[in-house]
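Dumped query-v5.pdb below, it's PDB, C-alpha atoms and all ligand atoms:
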```
ATOM      1  CA  MET D 217     221.614 138.792 110.783  1.00  0.00           C
ATOM      2  CA  SER D 218     218.366 139.462 108.951  1.00  0.00           C
ATOM      3  CA  ASN D 219     215.576 141.405 110.621  1.00  0.00           C
ATOM      4  CA  ARG D 220     212.934 140.001 108.270  1.00  0.00           C
ATOM      5  CA  PHE D 221     210.585 138.471 110.808  1.00  0.00           C
ATOM      6  CA  GLN D 222     207.074 137.603 109.674  1.00  0.00           C
ATOM      7  CA  ARG D 223     204.970 138.032 112.813  1.00  0.00           C
ATOM      8  CA  ILE D 224     202.040 135.677 113.265  1.00  0.00           C
ATOM      9  CA  ARG D 225     198.800 137.625 113.279  1.00  0.00           C
ATOM     10  CA  VAL D 226     196.093 137.036 115.877  1.00  0.00           C
ATOM     11  CA  LYS D 227     192.347 137.341 115.447  1.00  0.00           C
ATOM     12  CA  ILE D 228     190.036 137.287 118.451  1.00  0.00           C
ATOM     13  CA  CYS D 229     186.559 136.346 117.276  1.00  0.00           C
ATOM     14  CA  GLY D 230     183.022 136.477 118.641  1.00  0.00           C
ATOM     15  CA  LEU D 231     183.225 139.880 120.304  1.00  0.00           C
ATOM     16  CA  THR D 232     179.991 141.300 121.710  1.00  0.00           C
ATOM     17  CA  ARG D 233     181.142 143.853 124.315  1.00  0.00           C
ATOM     18  CA  GLU D 234     183.141 147.078 124.297  1.00  0.00           C
ATOM     19  CA  ALA D 235     185.242 145.955 127.263  1.00  0.00           C
ATOM     20  CA  ASP D 236     186.351 142.851 125.387  1.00  0.00           C
ATOM     21  CA  ILE D 237     187.315 144.890 122.332  1.00  0.00           C
ATOM     22  CA  ASP D 238     189.428 147.122 124.566  1.00  0.00           C
ATOM     23  CA  ALA D 239     191.047 144.073 126.183  1.00  0.00           C
ATOM     24  CA  ALA D 240     191.851 142.440 122.847  1.00  0.00           C
ATOM     25  CA  VAL D 241     193.325 145.656 121.426  1.00  0.00           C
ATOM     26  CA  ALA D 242     195.373 146.268 124.580  1.00  0.00           C
ATOM     27  CA  ALA D 243     196.710 142.713 124.384  1.00  0.00           C
ATOM     28  CA  GLY D 244     197.881 143.332 120.807  1.00  0.00           C
ATOM     29  CA  ALA D 245     195.289 141.567 118.655  1.00  0.00           C
ATOM     30  CA  ASP D 246     195.554 142.301 114.932  1.00  0.00           C
ATOM     31  CA  ALA D 247     191.943 141.519 114.046  1.00  0.00           C
ATOM     32  CA  LEU D 248     188.596 141.378 115.810  1.00  0.00           C
ATOM     33  CA  GLY D 249     185.753 139.174 114.626  1.00  0.00           C
ATOM     34  CA  PHE D 250     182.044 139.946 114.801  1.00  0.00           C
ATOM     35  CA  VAL D 251     179.562 137.131 114.190  1.00  0.00           C
ATOM     36  CA  LEU D 252     176.659 138.350 112.034  1.00  0.00           C
ATOM     37  CA  TRP D 253     175.137 134.901 111.689  1.00  0.00           C
ATOM     38  CA  PRO D 254     171.959 134.820 113.823  1.00  0.00           C
ATOM     39  CA  GLY D 255     172.326 131.093 114.537  1.00  0.00           C
ATOM     40  CA  SER D 256     175.324 131.753 116.781  1.00  0.00           C
ATOM     41  CA  LYS D 257     175.200 132.413 120.526  1.00  0.00           C
ATOM     42  CA  ARG D 258     177.786 135.102 119.766  1.00  0.00           C
ATOM     43  CA  ALA D 259     175.653 136.821 117.144  1.00  0.00           C
ATOM     44  CA  ILE D 260     175.231 140.579 117.034  1.00  0.00           C
ATOM     45  CA  ASP D 261     172.889 142.531 114.765  1.00  0.00           C
ATOM     46  CA  GLU D 262     173.805 145.339 112.382  1.00  0.00           C
ATOM     47  CA  ALA D 263     173.041 148.119 114.860  1.00  0.00           C
ATOM     48  CA  ARG D 264     175.301 146.558 117.465  1.00  0.00           C
ATOM     49  CA  LEU D 265     177.973 145.971 114.830  1.00  0.00           C
ATOM     50  CA  ALA D 266     177.957 149.702 114.051  1.00  0.00           C
ATOM     51  CA  GLU D 267     178.496 150.514 117.734  1.00  0.00           C
ATOM     52  CA  LEU D 268     181.224 147.948 118.316  1.00  0.00           C
ATOM     53  CA  ALA D 269     183.058 148.631 115.042  1.00  0.00           C
ATOM     54  CA  ALA D 270     183.273 152.317 115.948  1.00  0.00           C
ATOM     55  CA  ARG D 271     185.216 151.322 119.047  1.00  0.00           C
ATOM     56  CA  VAL D 272     188.009 149.628 117.066  1.00  0.00           C
ATOM     57  CA  PRO D 273     191.119 151.793 116.563  1.00  0.00           C
ATOM     58  CA  ALA D 274     192.987 152.331 113.303  1.00  0.00           C
ATOM     59  CA  PHE D 275     195.204 149.488 112.098  1.00  0.00           C
ATOM     60  CA  VAL D 276     193.100 146.813 113.803  1.00  0.00           C
ATOM     61  CA  THR D 277     191.088 144.821 111.260  1.00  0.00           C
ATOM     62  CA  ARG D 278     187.317 144.504 111.737  1.00  0.00           C
ATOM     63  CA  VAL D 279     186.183 141.126 110.434  1.00  0.00           C
ATOM     64  CA  GLY D 280     182.534 140.205 109.831  1.00  0.00           C
ATOM     65  CA  LEU D 281     181.631 136.503 109.985  1.00  0.00           C
ATOM     66  CA  PHE D 282     178.781 135.252 107.770  1.00  0.00           C
ATOM     67  CA  VAL D 283     177.298 131.798 107.145  1.00  0.00           C
ATOM     68  CA  ASP D 284     175.396 131.467 103.858  1.00  0.00           C
ATOM     69  CA  GLN D 285     173.615 134.787 104.317  1.00  0.00           C
ATOM     70  CA  GLU D 286     171.768 137.196 102.077  1.00  0.00           C
ATOM     71  CA  ALA D 287     173.900 139.476  99.923  1.00  0.00           C
ATOM     72  CA  THR D 288     171.932 142.561 100.969  1.00  0.00           C
ATOM     73  CA  LEU D 289     172.747 142.045 104.637  1.00  0.00           C
ATOM     74  CA  ILE D 290     176.429 141.475 103.873  1.00  0.00           C
ATOM     75  CA  GLU D 291     176.520 144.629 101.759  1.00  0.00           C
ATOM     76  CA  ARG D 292     174.995 146.734 104.540  1.00  0.00           C
ATOM     77  CA  ALA D 293     177.252 145.267 107.230  1.00  0.00           C
ATOM     78  CA  SER D 294     180.317 145.830 105.021  1.00  0.00           C
ATOM     79  CA  ALA D 295     180.107 149.555 105.754  1.00  0.00           C
ATOM     80  CA  HIS D 296     181.480 148.758 109.228  1.00  0.00           C
ATOM     81  CA  LEU D 297     183.977 146.076 108.240  1.00  0.00           C
ATOM     82  CA  ASP D 298     187.462 145.780 106.750  1.00  0.00           C
ATOM     83  CA  LEU D 299     187.327 142.077 105.893  1.00  0.00           C
ATOM     84  CA  LEU D 300     184.564 139.528 105.234  1.00  0.00           C
ATOM     85  CA  GLN D 301     184.831 135.978 106.629  1.00  0.00           C
ATOM     86  CA  PHE D 302     182.655 133.445 104.812  1.00  0.00           C
ATOM     87  CA  HIS D 303     182.088 130.437 107.057  1.00  0.00           C
ATOM     88  CA  GLY D 304     179.466 128.507 105.080  1.00  0.00           C
ATOM     89  CA  ASP D 305     179.209 127.008 101.608  1.00  0.00           C
ATOM     90  CA  GLU D 306     179.575 130.315  99.759  1.00  0.00           C
ATOM     91  CA  SER D 307     180.947 129.989  96.225  1.00  0.00           C
ATOM     92  CA  PRO D 308     184.092 131.837  95.121  1.00  0.00           C
ATOM     93  CA  ALA D 309     181.926 134.045  92.874  1.00  0.00           C
ATOM     94  CA  PHE D 310     179.641 134.994  95.769  1.00  0.00           C
ATOM     95  CA  CYS D 311     182.590 135.820  98.049  1.00  0.00           C
ATOM     96  CA  THR D 312     184.143 138.031  95.373  1.00  0.00           C
ATOM     97  CA  SER D 313     180.892 139.791  94.442  1.00  0.00           C
ATOM     98  CA  PHE D 314     181.090 142.356  97.287  1.00  0.00           C
ATOM     99  CA  GLY D 315     184.290 143.924  95.996  1.00  0.00           C
ATOM    100  CA  ARG D 316     185.759 143.702  99.499  1.00  0.00           C
ATOM    101  CA  PRO D 317     188.721 141.748 100.898  1.00  0.00           C
ATOM    102  CA  TRP D 318     187.583 138.351 102.155  1.00  0.00           C
ATOM    103  CA  ILE D 319     188.732 135.070 103.652  1.00  0.00           C
ATOM    104  CA  LYS D 320     187.119 131.653 103.267  1.00  0.00           C
ATOM    105  CA  ALA D 321     186.665 129.310 106.202  1.00  0.00           C
ATOM    106  CA  LEU D 322     186.966 125.619 105.423  1.00  0.00           C
ATOM    107  CA  ARG D 323     185.923 122.907 107.839  1.00  0.00           C
ATOM    108  CA  MET D 324     188.390 120.033 107.861  1.00  0.00           C
ATOM    109  CA  ARG D 325     186.035 117.177 107.032  1.00  0.00           C
ATOM    110  CA  ASP D 326     187.513 113.873 105.842  1.00  0.00           C
ATOM    111  CA  GLY D 327     188.627 113.987 102.236  1.00  0.00           C
ATOM    112  CA  LEU D 328     188.799 117.786 101.969  1.00  0.00           C
ATOM    113  CA  ASP D 329     191.291 118.581  99.208  1.00  0.00           C
ATOM    114  CA  LEU D 330     193.061 121.679 100.483  1.00  0.00           C
ATOM    115  CA  PRO D 331     195.212 122.381  97.394  1.00  0.00           C
ATOM    116  CA  ALA D 332     192.060 122.176  95.245  1.00  0.00           C
ATOM    117  CA  MET D 333     190.230 124.542  97.591  1.00  0.00           C
ATOM    118  CA  ALA D 334     193.159 126.978  97.527  1.00  0.00           C
ATOM    119  CA  ASP D 335     192.874 126.928  93.767  1.00  0.00           C
ATOM    120  CA  ALA D 336     189.091 127.379  93.781  1.00  0.00           C
ATOM    121  CA  TYR D 337     189.204 130.247  96.309  1.00  0.00           C
ATOM    122  CA  GLN D 338     192.273 131.869  94.788  1.00  0.00           C
ATOM    123  CA  GLU D 339     190.880 135.392  95.235  1.00  0.00           C
ATOM    124  CA  ALA D 340     190.606 134.916  98.984  1.00  0.00           C
ATOM    125  CA  GLN D 341     193.167 136.750 101.077  1.00  0.00           C
ATOM    126  CA  ALA D 342     193.605 133.584 103.142  1.00  0.00           C
ATOM    127  CA  LEU D 343     191.974 130.278 104.039  1.00  0.00           C
ATOM    128  CA  LEU D 344     190.768 129.861 107.612  1.00  0.00           C
ATOM    129  CA  LEU D 345     190.903 126.199 108.645  1.00  0.00           C
ATOM    130  CA  ASP D 346     188.442 125.100 111.323  1.00  0.00           C
ATOM    131  CA  ALA D 347     187.348 121.791 112.860  1.00  0.00           C
ATOM    132  CA  TYR D 348     184.514 119.858 111.257  1.00  0.00           C
ATOM    133  CA  ARG D 349     181.450 118.801 113.206  1.00  0.00           C
ATOM    134  CA  PRO D 350     178.435 117.747 111.129  1.00  0.00           C
ATOM    135  CA  GLY D 351     175.592 120.255 111.291  1.00  0.00           C
ATOM    136  CA  VAL D 352     177.643 122.990 113.000  1.00  0.00           C
ATOM    137  CA  PRO D 353     179.216 125.668 110.781  1.00  0.00           C
ATOM    138  CA  GLY D 354     181.980 126.576 113.235  1.00  0.00           C
ATOM    139  CA  GLY D 355     182.935 127.898 116.640  1.00  0.00           C
ATOM    140  CA  THR D 356     182.848 124.356 118.057  1.00  0.00           C
ATOM    141  CA  GLY D 357     185.835 124.788 120.359  1.00  0.00           C
ATOM    142  CA  GLU D 358     187.283 121.600 118.878  1.00  0.00           C
ATOM    143  CA  THR D 359     190.722 121.061 117.351  1.00  0.00           C
ATOM    144  CA  PHE D 360     191.503 118.927 114.312  1.00  0.00           C
ATOM    145  CA  ASP D 361     194.564 116.981 113.199  1.00  0.00           C
ATOM    146  CA  TRP D 362     196.972 119.803 112.326  1.00  0.00           C
ATOM    147  CA  SER D 363     199.282 117.405 110.468  1.00  0.00           C
ATOM    148  CA  ARG D 364     196.669 117.282 107.687  1.00  0.00           C
ATOM    149  CA  ILE D 365     197.655 120.805 106.596  1.00  0.00           C
ATOM    150  CA  PRO D 366     200.231 120.654 103.783  1.00  0.00           C
ATOM    151  CA  ALA D 367     203.527 122.408 104.524  1.00  0.00           C
ATOM    152  CA  SER D 368     202.989 124.663 101.537  1.00  0.00           C
ATOM    153  CA  LEU D 369     199.637 125.825 100.268  1.00  0.00           C
ATOM    154  CA  ALA D 370     198.906 128.436  97.614  1.00  0.00           C
ATOM    155  CA  LYS D 371     197.045 130.588 100.159  1.00  0.00           C
ATOM    156  CA  PRO D 372     198.044 131.865 103.604  1.00  0.00           C
ATOM    157  CA  VAL D 373     196.573 129.723 106.401  1.00  0.00           C
ATOM    158  CA  ILE D 374     194.659 131.109 109.364  1.00  0.00           C
ATOM    159  CA  LEU D 375     194.529 128.310 111.919  1.00  0.00           C
ATOM    160  CA  ALA D 376     191.323 128.077 113.977  1.00  0.00           C
ATOM    161  CA  GLY D 377     189.380 125.492 115.909  1.00  0.00           C
ATOM    162  CA  GLY D 378     189.765 124.853 119.618  1.00  0.00           C
ATOM    163  CA  LEU D 379     192.836 127.014 120.111  1.00  0.00           C
ATOM    164  CA  THR D 380     193.608 128.041 123.689  1.00  0.00           C
ATOM    165  CA  PRO D 381     196.520 129.622 125.558  1.00  0.00           C
ATOM    166  CA  ALA D 382     197.612 126.064 126.402  1.00  0.00           C
ATOM    167  CA  ASN D 383     197.816 124.670 122.871  1.00  0.00           C
ATOM    168  CA  VAL D 384     198.476 127.654 120.589  1.00  0.00           C
ATOM    169  CA  ALA D 385     202.287 127.460 120.847  1.00  0.00           C
ATOM    170  CA  GLU D 386     202.289 123.823 119.790  1.00  0.00           C
ATOM    171  CA  ALA D 387     199.847 124.673 116.990  1.00  0.00           C
ATOM    172  CA  ILE D 388     202.176 127.389 115.704  1.00  0.00           C
ATOM    173  CA  ARG D 389     205.211 125.110 115.747  1.00  0.00           C
ATOM    174  CA  THR D 390     203.297 122.364 113.940  1.00  0.00           C
ATOM    175  CA  VAL D 391     201.464 124.384 111.290  1.00  0.00           C
ATOM    176  CA  ARG D 392     203.475 127.624 110.991  1.00  0.00           C
ATOM    177  CA  PRO D 393     200.337 129.513 109.996  1.00  0.00           C
ATOM    178  CA  PHE D 394     200.037 133.071 108.758  1.00  0.00           C
ATOM    179  CA  ALA D 395     197.622 133.779 111.621  1.00  0.00           C
ATOM    180  CA  VAL D 396     195.693 132.130 114.430  1.00  0.00           C
ATOM    181  CA  ASP D 397     192.053 132.685 115.334  1.00  0.00           C
ATOM    182  CA  VAL D 398     190.394 132.028 118.689  1.00  0.00           C
ATOM    183  CA  SER D 399     186.931 132.405 120.102  1.00  0.00           C
ATOM    184  CA  GLY D 400     185.879 129.825 122.702  1.00  0.00           C
ATOM    185  CA  GLY D 401     189.404 129.411 124.086  1.00  0.00           C
ATOM    186  CA  VAL D 402     189.372 132.901 125.609  1.00  0.00           C
ATOM    187  CA  GLU D 403     185.761 132.926 126.835  1.00  0.00           C
ATOM    188  CA  ARG D 404     183.798 132.477 130.040  1.00  0.00           C
ATOM    189  CA  SER D 405     180.608 131.803 128.070  1.00  0.00           C
ATOM    190  CA  PRO D 406     179.696 132.411 124.396  1.00  0.00           C
ATOM    191  CA  GLY D 407     180.487 136.030 123.515  1.00  0.00           C
ATOM    192  CA  ILE D 408     181.836 136.884 126.989  1.00  0.00           C
ATOM    193  CA  LYS D 409     185.626 137.023 126.911  1.00  0.00           C
ATOM    194  CA  ILE D 410     188.128 136.761 129.764  1.00  0.00           C
ATOM    195  CA  PRO D 411     190.732 139.564 129.469  1.00  0.00           C
ATOM    196  CA  GLU D 412     193.441 137.581 131.291  1.00  0.00           C
ATOM    197  CA  ARG D 413     192.965 134.690 128.899  1.00  0.00           C
ATOM    198  CA  ILE D 414     193.201 136.990 125.882  1.00  0.00           C
ATOM    199  CA  ASP D 415     196.459 138.353 127.330  1.00  0.00           C
ATOM    200  CA  ASP D 416     197.736 134.842 127.902  1.00  0.00           C
ATOM    201  CA  PHE D 417     196.835 133.769 124.367  1.00  0.00           C
ATOM    202  CA  LEU D 418     198.731 136.709 122.835  1.00  0.00           C
ATOM    203  CA  ARG D 419     201.671 136.054 125.165  1.00  0.00           C
ATOM    204  CA  GLN D 420     201.863 132.410 124.104  1.00  0.00           C
ATOM    205  CA  VAL D 421     201.781 133.390 120.417  1.00  0.00           C
ATOM    206  CA  PHE D 422     204.554 135.905 121.002  1.00  0.00           C
ATOM    207  CA  LEU D 423     206.697 133.448 122.963  1.00  0.00           C
ATOM    208  CA  ALA D 424     206.251 130.646 120.428  1.00  0.00           C
ATOM    209  CA  GLN D 425     207.460 132.755 117.546  1.00  0.00           C
ATOM    210  CA  SER D 426     210.203 134.512 119.540  1.00  0.00           C
ATOM    211  CA  THR D 427     211.699 131.142 120.451  1.00  0.00           C
ATOM    212  CA  ASP D 428     211.417 130.072 116.852  1.00  0.00           C
ATOM    213  CA  PHE D 429     213.073 133.295 115.651  1.00  0.00           C
ATOM    214  CA  LEU D 430     215.966 132.928 118.070  1.00  0.00           C
ATOM    215  CA  ASP D 431     216.427 129.299 117.014  1.00  0.00           C
ATOM    216  CA  LYS D 432     216.922 130.439 113.420  1.00  0.00           C
ATOM    217  CA  THR D 433     219.387 133.322 114.043  1.00  0.00           C
TER     218      THR D 433
HETATM  219  O1  LIG F   1     181.655 131.675 116.861  1.00  0.00           O
HETATM  220  C1  LIG F   1     180.643 131.178 116.363  1.00  0.00           C
HETATM  221  O2  LIG F   1     179.597 131.073 116.998  1.00  0.00           O
HETATM  222  C2  LIG F   1     180.681 130.689 114.957  1.00  0.00           C
HETATM  223  C3  LIG F   1     179.491 130.355 114.350  1.00  0.00           C
HETATM  224  C4  LIG F   1     179.482 129.904 113.044  1.00  0.00           C
HETATM  225  C5  LIG F   1     180.653 129.780 112.332  1.00  0.00           C
HETATM  226  C6  LIG F   1     181.865 130.104 112.938  1.00  0.00           C
HETATM  227  C7  LIG F   1     181.900 130.558 114.240  1.00  0.00           C
HETATM  228  N1  LIG F   1     183.081 130.881 114.887  1.00  0.00           N
HETATM  229  C8  LIG F   1     184.390 130.708 114.327  1.00  0.00           C
HETATM  230  O3  LIG F   1     184.847 129.380 114.458  1.00  0.00           O
HETATM  231  C9  LIG F   1     186.254 129.372 114.551  1.00  0.00           C
HETATM  232  C10 LIG F   1     186.724 128.522 115.715  1.00  0.00           C
HETATM  233  O4  LIG F   1     186.157 128.934 116.921  1.00  0.00           O
HETATM  234  P1  LIG F   1     186.659 128.308 118.313  1.00  0.00           P
HETATM  235  O5  LIG F   1     187.959 129.015 118.673  1.00  0.00           O
HETATM  236  O6  LIG F   1     186.869 126.848 118.118  1.00  0.00           O
HETATM  237  O7  LIG F   1     185.604 128.619 119.309  1.00  0.00           O
HETATM  238  C11 LIG F   1     186.689 130.806 114.679  1.00  0.00           C
HETATM  239  O8  LIG F   1     187.047 131.289 113.393  1.00  0.00           O
HETATM  240  C12 LIG F   1     185.440 131.501 115.063  1.00  0.00           C
HETATM  241  O9  LIG F   1     185.501 132.781 114.577  1.00  0.00           O
END
```

Is it possible to give me this structure as structure tokens?
Amino acid sequence: MSNRFQRIRVKICGLTREADIDAAVAAGADALGFVLWPGSKRAIDEARLAELAARVPAFVTRVGLFVDQEATLIERASAHLDLLQFHGDESPAFCTSFGRPWIKALRMRDGLDLPAMADAYQEAQALLLDAYRPGVPGGTGETFDWSRIPASLAKPVILAGGLTPANVAEAIRTVRPFAVDVSGGVERSPGIKIPERIDDFLRQVFLAQSTDFLDKT
């Protein structure tokens, strides 16, 4: 029996409070997302990012979320981040220009050619796939048709968009992503998380992949 078991990573996004960071870390989250885009109700500024990032323990990835923002701001914020998440129309060259690890969010609008995007953003560490709603860059709390994701893509997939403790297991079985990302599905209101729901989300991810692992052994 092989013990090679690729665990699905979990990112909790839109954190604004120390208590929620502590809850996400205690629940076993692999990555924590901080929204630096001022148009979001979950936005924090650079000073607050510095405070919150200092709270994150070693081996938990600090992810900064940007939407078509100025390079100077991204450079300054990078001092407190391990990974950059580009959630707008940033070009591959722009994303690469910071010399930092990054992921590219893609909104699943009709006609999006995922293999072509994987090719275009080949220096990304992963592609984050989110629901598409015109005029809204992300964090909509909406799902999309998971069957549109090809079974094999040249980049690891981070599945996002409307995930909750109730649907994440089904999402994992359908998509088999590298990681899942949740914001609204574990919140009371934008930026205010519910610790029990974070726990439940992580539990559902664990159970979904444990069942899958046992099925294969
Ligand atoms: O969270 C936001 O406000 C946000 C704003 C602009 C772009 C992306 C945003 N959030 C990201 O959207 C996805 C899905 O969120 P949800 O689970 O559907 O609420 C996730 O990556 C968030 O980090």

Neighbourhood of ligand LIG 1 (chain F) at 6 Å, counting all atoms listed in the file, reported as a PyMOL selection string | chain D and resi 229-230+256-258+303+346+353-358+376-379+397-401

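Reported to one decimal place, the separation of atom CA of Val373 of chain D from atom CA of Pro317 of chain D is 15.4 Å.
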
Determine the nearest neighbour of Gln425 of chain D from the options D:Leu300, D:Ile408, D:Ala342, D:Ile388, counting only C-alpha atoms.
->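 So, comparing all the options, the nearest one is D:Ile388.
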
Using only C-alpha atoms, give me every residue within 6 Å of (190.5, 124.8, 107.3) in file coordinates, as a list in words.
->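 Looking at atoms near the point gives Leu322, Arg323, Met324, Leu344, Leu345 and Asp346 of chain D.
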
Two-atom distance - atom CA of Arg292 of chain D, atom CA of Arg316 of chain D (Å) |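 Value for the atom CA of Arg292 of chain D-atom CA of Arg316 of chain D distance: 12.3 Å.
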
Which distance in Å separates atom CA of Arg389 of chain D and atom CA of Val421 of chain D, to one decimal?
->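 Separation between atom CA of Arg389 of chain D and atom CA of Val421 of chain D: 10.1 Å.
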
Expanded to explicit residues, what is the PyMOL selection byres (((chain D and resi 368-371) around 10) and not hetatm) for this file, as a short mmCIF file (atom, residue, chain, number, x, y, z; two decimals) with C-alpha atoms, keeping the file's coordinate frame?
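What landed in part.cif:
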```cif
data_model
loop_
_atom_site.label_atom_id
_atom_site.label_comp_id
_atom_site.auth_asym_id
_atom_site.auth_seq_id
_atom_site.Cartn_x
_atom_site.Cartn_y
_atom_site.Cartn_z
CA LEU D 330 193.06 121.68 100.48
CA PRO D 331 195.21 122.38 97.39
CA ALA D 332 192.06 122.18 95.24
CA MET D 333 190.23 124.54 97.59
CA ALA D 334 193.16 126.98 97.53
CA ASP D 335 192.87 126.93 93.77
CA TYR D 337 189.20 130.25 96.31
CA GLN D 338 192.27 131.87 94.79
CA GLU D 339 190.88 135.39 95.24
CA ALA D 340 190.61 134.92 98.98
CA GLN D 341 193.17 136.75 101.08
CA ALA D 342 193.60 133.58 103.14
CA LEU D 343 191.97 130.28 104.04
CA LEU D 344 190.77 129.86 107.61
CA ILE D 365 197.66 120.80 106.60
CA PRO D 366 200.23 120.65 103.78
CA ALA D 367 203.53 122.41 104.52
CA PRO D 372 198.04 131.86 103.60
CA VAL D 373 196.57 129.72 106.40
CA ILE D 374 194.66 131.11 109.36
CA VAL D 391 201.46 124.38 111.29
CA ARG D 392 203.48 127.62 110.99
CA PHE D 394 200.04 133.07 108.76
#
```

Once N, CA and C atoms are restored for segment 284-302 of chain D, what would the output be as a compact mmCIF listing (two decimals), keeping the file's coordinate frame?
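See out_2.txt below for the written result:
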```
# COMPACT_ATOMS: atom_id res chain seq x y z
N ASP D 284 176.43 131.63 104.90
CA ASP D 284 175.40 131.47 103.86
C ASP D 284 174.26 132.48 104.01
N GLN D 285 174.63 133.76 104.08
CA GLN D 285 173.62 134.79 104.32
C GLN D 285 173.32 135.62 103.08
N GLU D 286 172.24 136.38 103.20
CA GLU D 286 171.77 137.20 102.08
C GLU D 286 172.78 138.27 101.71
N ALA D 287 172.94 138.48 100.41
CA ALA D 287 173.90 139.48 99.92
C ALA D 287 173.57 140.87 100.44
N THR D 288 172.29 141.20 100.55
CA THR D 288 171.93 142.56 100.97
C THR D 288 172.41 142.85 102.39
N LEU D 289 172.28 141.86 103.26
CA LEU D 289 172.75 142.04 104.64
C LEU D 289 174.27 142.23 104.67
N ILE D 290 174.96 141.40 103.89
CA ILE D 290 176.43 141.48 103.87
C ILE D 290 176.87 142.84 103.34
N GLU D 291 176.17 143.31 102.31
CA GLU D 291 176.52 144.63 101.76
C GLU D 291 176.34 145.72 102.80
N ARG D 292 175.24 145.70 103.53
CA ARG D 292 175.00 146.73 104.54
C ARG D 292 176.04 146.65 105.66
N ALA D 293 176.30 145.44 106.13
CA ALA D 293 177.25 145.27 107.23
C ALA D 293 178.66 145.69 106.82
N SER D 294 178.97 145.52 105.53
CA SER D 294 180.32 145.83 105.02
C SER D 294 180.75 147.26 105.32
N ALA D 295 179.78 148.15 105.47
CA ALA D 295 180.11 149.56 105.75
C ALA D 295 180.91 149.69 107.04
N HIS D 296 180.80 148.69 107.92
CA HIS D 296 181.48 148.76 109.23
C HIS D 296 182.64 147.77 109.34
N LEU D 297 183.01 147.17 108.20
CA LEU D 297 183.98 146.08 108.24
C LEU D 297 185.15 146.33 107.30
N ASP D 298 186.29 145.72 107.63
CA ASP D 298 187.46 145.78 106.75
C ASP D 298 187.64 144.49 105.97
N LEU D 299 187.09 143.40 106.48
CA LEU D 299 187.33 142.08 105.89
C LEU D 299 186.09 141.21 106.13
N LEU D 300 185.71 140.43 105.11
CA LEU D 300 184.56 139.53 105.23
C LEU D 300 185.08 138.10 105.43
N GLN D 301 184.49 137.39 106.38
CA GLN D 301 184.83 135.98 106.63
C GLN D 301 183.62 135.13 106.28
N PHE D 302 183.76 134.29 105.24
CA PHE D 302 182.66 133.44 104.81
C PHE D 302 182.85 132.06 105.41
```
